[in-house]
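Student: First the structure, then my questions, so here it is.
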Amino acid sequence: MFSKVGYFFYHLARLLSRLVSNGYGITRLDLNMNEVKNKDTHPVLIVANHVSFTDPLFYTGLFPKRQLMYIASELVINDKNKLKSFLLIHTGCIRINRNIYDIEGIRKATEALKKGHSVLIFPEGTLHHENSEELSEIKSGAILLAVQAGVPIIPAYSLKRKHWYGKRVVVVGEEFKISDYTSRKFPTVPEMDVIASALMNKINECREVYEKYEESKAKGNT
Amino acid sequence: MDIIEKLKEAFVEAYGDDINLDSITADTNLREDLGLNSIGMLAVALSIEEKFGFKFANDDISSIAKVQDIIDIINKNK
């Protein structure tokens, strides 16, 4: 999966992101607004909204027991900024070209999951620069990937910190199993669309908890 | 079993009963006649890979318009 250089940078990046996340502060909440620590290690597909280029950094710190890789668009990886491009290539990024039928990218992500890595994907397919709370429609590619790898999905929602010194809060939902939505081993494409909508609802649940938490924090109740 | 019949099985795996198998011939256009979207194309391709025991390259899938194109790729990978 990694070259020697890639392996070195991947683990260096994991270490740095854990240090940075712990240093900056990150809070993981469950759906009951309880703060939880992640101890699970089994591979999952983490499906989250995307508000910042630093999202993979925070999620790596949030799931320290998991060997996290993440999916990024070919366009982002081929950025003019060579340093950014280099870091993305060597820190656990799986390239997916959204402009073609990227079966090779799907295969690489599936292979990573089958080898025990967890994979972070932003299925809205775009970065919300405005820190918008609204979610775009989720594309079924995330479902296809989870089905191929046979792993559960973890929905998550977060926004950027309001202040540089504030903690980043991420609400993480319960594991979402594809088998709960279909009797088939591989759901059909129409079923995948339905499952994508159900997953969207789960992320929206996380969003609602996030908003309640922020509201109660603003009132000084937490 | 000929290739078309085996391909029909792959379509059923990907689309279930939502696809009209009788309409599938070598000349069928996947997007225009069957309405396959990008995820549909990938799901069908993955199902074909499993049935025929080979891997598609990205360029292969981009070049597919009709069922005959899939048959050509299968024959090329035999």
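Every chain in the structure tokens has a letter given in the order shown (A, B, ...), and although residue numbers restart at 1 in each chain, ligands are simply numbered from 1 in the order shown.
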Within 12 Å of chain B, which residues of chain A are there when counting only C-alpha atoms? Please give them as a PyMOL selection string.
Tutor: chain A and resi 96-107+110+139-145+147-148+182+184-193+196
Student: Please, could you write that set of residues out with C-alpha atoms as an mmCIF file, in the first residue's frame?
Tutor:
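As a result, part-v2.cif now contains:
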data_model
loop_
_atom_site.group_PDB
_atom_site.id
_atom_site.type_symbol
_atom_site.label_atom_id
_atom_site.label_comp_id
_atom_site.auth_asym_id
_atom_site.auth_seq_id
_atom_site.Cartn_x
_atom_site.Cartn_y
_atom_site.Cartn_z
ATOM 1 C CA ILE A 96 -10.297 9.280 -6.616
ATOM 2 C CA ASN A 97 -10.908 11.069 -9.867
ATOM 3 C CA ARG A 98 -14.517 12.196 -9.749
ATOM 4 C CA ASN A 99 -14.543 13.093 -13.433
ATOM 5 C CA ILE A 100 -14.131 9.543 -14.691
ATOM 6 C CA TYR A 101 -15.388 6.085 -13.738
ATOM 7 C CA ASP A 102 -12.518 5.602 -11.290
ATOM 8 C CA ILE A 103 -12.794 1.871 -10.651
ATOM 9 C CA GLU A 104 -9.075 1.717 -9.836
ATOM 10 C CA GLY A 105 -9.559 4.301 -7.060
ATOM 11 C CA ILE A 106 -12.530 2.346 -5.670
ATOM 12 C CA ARG A 107 -10.387 -0.794 -5.750
ATOM 13 C CA THR A 110 -11.532 -1.275 -0.903
ATOM 14 C CA LYS A 139 -23.441 10.460 -3.405
ATOM 15 C CA SER A 140 -23.877 6.682 -3.440
ATOM 16 C CA GLY A 141 -20.155 6.084 -4.026
ATOM 17 C CA ALA A 142 -19.640 5.830 -0.269
ATOM 18 C CA ILE A 143 -22.241 3.056 -0.087
ATOM 19 C CA LEU A 144 -20.646 1.221 -3.016
ATOM 20 C CA LEU A 145 -17.301 1.353 -1.247
ATOM 21 C CA VAL A 147 -20.468 -2.740 0.259
ATOM 22 C CA GLN A 148 -17.384 -3.807 -1.681
ATOM 23 C CA THR A 182 -31.032 -4.838 2.320
ATOM 24 C CA ARG A 184 -28.942 -8.916 -0.560
ATOM 25 C CA LYS A 185 -25.207 -9.382 -0.162
ATOM 26 C CA PHE A 186 -24.663 -6.571 -2.641
ATOM 27 C CA PRO A 187 -27.480 -4.010 -2.719
ATOM 28 C CA THR A 188 -28.694 -2.929 -6.121
ATOM 29 C CA VAL A 189 -28.045 0.592 -7.417
ATOM 30 C CA PRO A 190 -31.614 1.762 -6.609
ATOM 31 C CA GLU A 191 -31.182 0.307 -3.104
ATOM 32 C CA MET A 192 -27.866 2.146 -2.761
ATOM 33 C CA ASP A 193 -29.652 5.426 -3.465
ATOM 34 C CA ALA A 196 -27.454 6.920 0.813
#
Student: Check the DSSP output for the backbone and give back, as a ChimeraX atom specification, the residues of stretch 26-148 of chain A in alpha helix (DSSP H).
Tutor: /A:55-62,74-77,82-90,103-114,141-148
Student: What does the file look like for those residues with C-alpha atoms, as a PDB file, in the first residue's frame?
Tutor:
ATOM      1  CA  ASP A  55     -10.339  17.656   8.415  1.00  0.00           C
ATOM      2  CA  PRO A  56      -8.161  14.535   7.832  1.00  0.00           C
ATOM      3  CA  LEU A  57      -5.752  15.826  10.472  1.00  0.00           C
ATOM      4  CA  PHE A  58      -8.490  16.156  13.066  1.00  0.00           C
ATOM      5  CA  TYR A  59     -10.131  12.854  12.216  1.00  0.00           C
ATOM      6  CA  THR A  60      -6.783  11.069  12.509  1.00  0.00           C
ATOM      7  CA  GLY A  61      -6.478  12.517  15.993  1.00  0.00           C
ATOM      8  CA  LEU A  62     -10.089  11.644  16.736  1.00  0.00           C
ATOM      9  CA  GLU A  74      -7.467  14.041  -7.994  1.00  0.00           C
ATOM     10  CA  LEU A  75      -7.941  17.791  -8.451  1.00  0.00           C
ATOM     11  CA  VAL A  76      -6.971  18.510  -4.847  1.00  0.00           C
ATOM     12  CA  ILE A  77      -3.925  16.259  -5.055  1.00  0.00           C
ATOM     13  CA  LYS A  82       3.645  21.279  -4.542  1.00  0.00           C
ATOM     14  CA  LEU A  83       4.130  20.922  -0.788  1.00  0.00           C
ATOM     15  CA  LYS A  84       0.423  20.350  -0.256  1.00  0.00           C
ATOM     16  CA  SER A  85       0.391  17.908  -3.121  1.00  0.00           C
ATOM     17  CA  PHE A  86       3.424  16.036  -1.705  1.00  0.00           C
ATOM     18  CA  LEU A  87       1.902  15.842   1.780  1.00  0.00           C
ATOM     19  CA  LEU A  88      -1.409  14.571   0.460  1.00  0.00           C
ATOM     20  CA  ILE A  89       0.245  11.844  -1.599  1.00  0.00           C
ATOM     21  CA  HIS A  90       2.387  10.666   1.307  1.00  0.00           C
ATOM     22  CA  ILE A 103     -12.794   1.871 -10.651  1.00  0.00           C
ATOM     23  CA  GLU A 104      -9.075   1.717  -9.836  1.00  0.00           C
ATOM     24  CA  GLY A 105      -9.559   4.301  -7.060  1.00  0.00           C
ATOM     25  CA  ILE A 106     -12.530   2.346  -5.670  1.00  0.00           C
ATOM     26  CA  ARG A 107     -10.387  -0.794  -5.750  1.00  0.00           C
ATOM     27  CA  LYS A 108      -7.535   0.913  -3.851  1.00  0.00           C
ATOM     28  CA  ALA A 109      -9.912   2.174  -1.158  1.00  0.00           C
ATOM     29  CA  THR A 110     -11.532  -1.275  -0.903  1.00  0.00           C
ATOM     30  CA  GLU A 111      -8.107  -2.874  -0.572  1.00  0.00           C
ATOM     31  CA  ALA A 112      -7.156  -0.421   2.205  1.00  0.00           C
ATOM     32  CA  LEU A 113     -10.320  -1.300   4.144  1.00  0.00           C
ATOM     33  CA  LYS A 114      -9.800  -5.025   3.646  1.00  0.00           C
ATOM     34  CA  GLY A 141     -20.155   6.084  -4.026  1.00  0.00           C
ATOM     35  CA  ALA A 142     -19.640   5.830  -0.269  1.00  0.00           C
ATOM     36  CA  ILE A 143     -22.241   3.056  -0.087  1.00  0.00           C
ATOM     37  CA  LEU A 144     -20.646   1.221  -3.016  1.00  0.00           C
ATOM     38  CA  LEU A 145     -17.301   1.353  -1.247  1.00  0.00           C
ATOM     39  CA  ALA A 146     -18.648   0.066   2.085  1.00  0.00           C
ATOM     40  CA  VAL A 147     -20.468  -2.740   0.259  1.00  0.00           C
ATOM     41  CA  GLN A 148     -17.384  -3.807  -1.681  1.00  0.00           C
TER      42      GLN A 148
END
Student: If you count only C-alpha atoms, which residues fall within 6 Å of B:Thr28, apart from same-chain ones fewer than 3 positions away, as a list in words?
Tutor: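 The contact residues come out as Ile24, Thr25, Lys66 and Val67 of chain B.
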Student: So which bits of stretch 21-218 of chain A end up strand (DSSP E) when you DSSP the backbone, as a PyMOL selection string?
Tutor: chain A and resi 26-29+45-48+68-73+93-96+118-121+153-158+168-172
Student: What is the atom CA of B:Lys78 to atom CA of B:Ala65 distance in Å?
Tutor: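 Going from atom CA of B:Lys78 over to atom CA of B:Ala65 covers 20.4 Å.
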Student: Considering only C-alpha atoms, can you say which of A:Val51, A:Met69, A:Leu29, A:Val44 comes closest to A:His11?
Tutor: A:Met69
Student: Report, in Å with one decimal, the straight-line distance from atom CA of B:Ala10 to atom CA of A:Ser118.
Tutor: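 Value for the atom CA of B:Ala10-atom CA of A:Ser118 distance: 28.7 Å.
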Student: When you look at A:Asn49 with a cut-off of 8 Å (counting only C-alpha atoms), what residues show up, excluding the ones that are within fewer than 5 positions of it in the same chain? I need them as an mmCIF file with all heavy atoms, in the first residue's frame.
Tutor:
data_model
loop_
_atom_site.group_PDB
_atom_site.id
_atom_site.type_symbol
_atom_site.label_atom_id
_atom_site.label_comp_id
_atom_site.auth_asym_id
_atom_site.auth_seq_id
_atom_site.Cartn_x
_atom_site.Cartn_y
_atom_site.Cartn_z
ATOM 1 N N PHE A 122 -15.524 12.100 2.227
ATOM 2 C CA PHE A 122 -16.442 13.239 2.280
ATOM 3 C C PHE A 122 -17.373 13.102 1.075
ATOM 4 O O PHE A 122 -17.056 13.603 -0.012
ATOM 5 C CB PHE A 122 -15.654 14.554 2.220
ATOM 6 C CG PHE A 122 -14.568 14.647 3.259
ATOM 7 C CD1 PHE A 122 -13.230 14.553 2.901
ATOM 8 C CD2 PHE A 122 -14.885 14.792 4.596
ATOM 9 C CE1 PHE A 122 -12.236 14.635 3.852
ATOM 10 C CE2 PHE A 122 -13.896 14.866 5.560
ATOM 11 C CZ PHE A 122 -12.564 14.785 5.180
ATOM 12 N N PRO A 123 -18.497 12.433 1.259
ATOM 13 C CA PRO A 123 -19.287 12.039 0.083
ATOM 14 C C PRO A 123 -20.077 13.151 -0.585
ATOM 15 O O PRO A 123 -20.633 12.944 -1.653
ATOM 16 C CB PRO A 123 -20.226 10.970 0.634
ATOM 17 C CG PRO A 123 -20.385 11.336 2.049
ATOM 18 C CD PRO A 123 -19.105 11.963 2.492
ATOM 19 N N GLU A 124 -20.106 14.320 0.053
ATOM 20 C CA GLU A 124 -20.762 15.434 -0.642
ATOM 21 C C GLU A 124 -19.940 15.833 -1.856
ATOM 22 O O GLU A 124 -20.430 16.510 -2.754
ATOM 23 C CB GLU A 124 -20.889 16.646 0.290
ATOM 24 C CG GLU A 124 -21.811 16.422 1.459
ATOM 25 C CD GLU A 124 -21.750 17.604 2.403
ATOM 26 O OE1 GLU A 124 -20.780 17.715 3.167
ATOM 27 O OE2 GLU A 124 -22.661 18.427 2.361
ATOM 28 N N LEU A 135 -26.063 20.394 4.479
ATOM 29 C CA LEU A 135 -25.340 19.318 3.804
ATOM 30 C C LEU A 135 -25.823 19.193 2.374
ATOM 31 O O LEU A 135 -27.008 19.329 2.106
ATOM 32 C CB LEU A 135 -25.616 17.983 4.517
ATOM 33 C CG LEU A 135 -25.006 17.810 5.899
ATOM 34 C CD1 LEU A 135 -25.662 16.634 6.598
ATOM 35 C CD2 LEU A 135 -23.519 17.588 5.787
ATOM 36 N N ALA A 156 -20.457 11.126 10.732
ATOM 37 C CA ALA A 156 -19.893 12.145 11.634
ATOM 38 C C ALA A 156 -20.197 13.533 11.098
ATOM 39 O O ALA A 156 -20.398 13.716 9.893
ATOM 40 C CB ALA A 156 -18.385 11.951 11.767
ATOM 41 N N TYR A 157 -20.228 14.495 12.018
ATOM 42 C CA TYR A 157 -20.496 15.879 11.612
ATOM 43 C C TYR A 157 -19.674 16.834 12.473
ATOM 44 O O TYR A 157 -19.555 16.657 13.691
ATOM 45 C CB TYR A 157 -21.986 16.204 11.783
ATOM 46 C CG TYR A 157 -22.339 17.594 11.323
ATOM 47 C CD1 TYR A 157 -22.640 17.838 9.991
ATOM 48 C CD2 TYR A 157 -22.342 18.667 12.211
ATOM 49 C CE1 TYR A 157 -22.946 19.123 9.556
ATOM 50 C CE2 TYR A 157 -22.652 19.951 11.784
ATOM 51 C CZ TYR A 157 -22.949 20.165 10.457
ATOM 52 O OH TYR A 157 -23.248 21.432 10.025
ATOM 53 N N SER A 158 -19.143 17.834 11.833
ATOM 54 C CA SER A 158 -18.351 18.819 12.550
ATOM 55 C C SER A 158 -18.310 20.125 11.757
ATOM 56 O O SER A 158 -18.510 20.114 10.539
ATOM 57 C CB SER A 158 -16.928 18.283 12.721
ATOM 58 O OG SER A 158 -16.114 19.246 13.331
#
Student: Would you work out the distance separating atom CA of A:Cys206 from atom CA of A:Lys177, expressed in Å to one decimal?
Tutor: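 The value is 16.5 Å.
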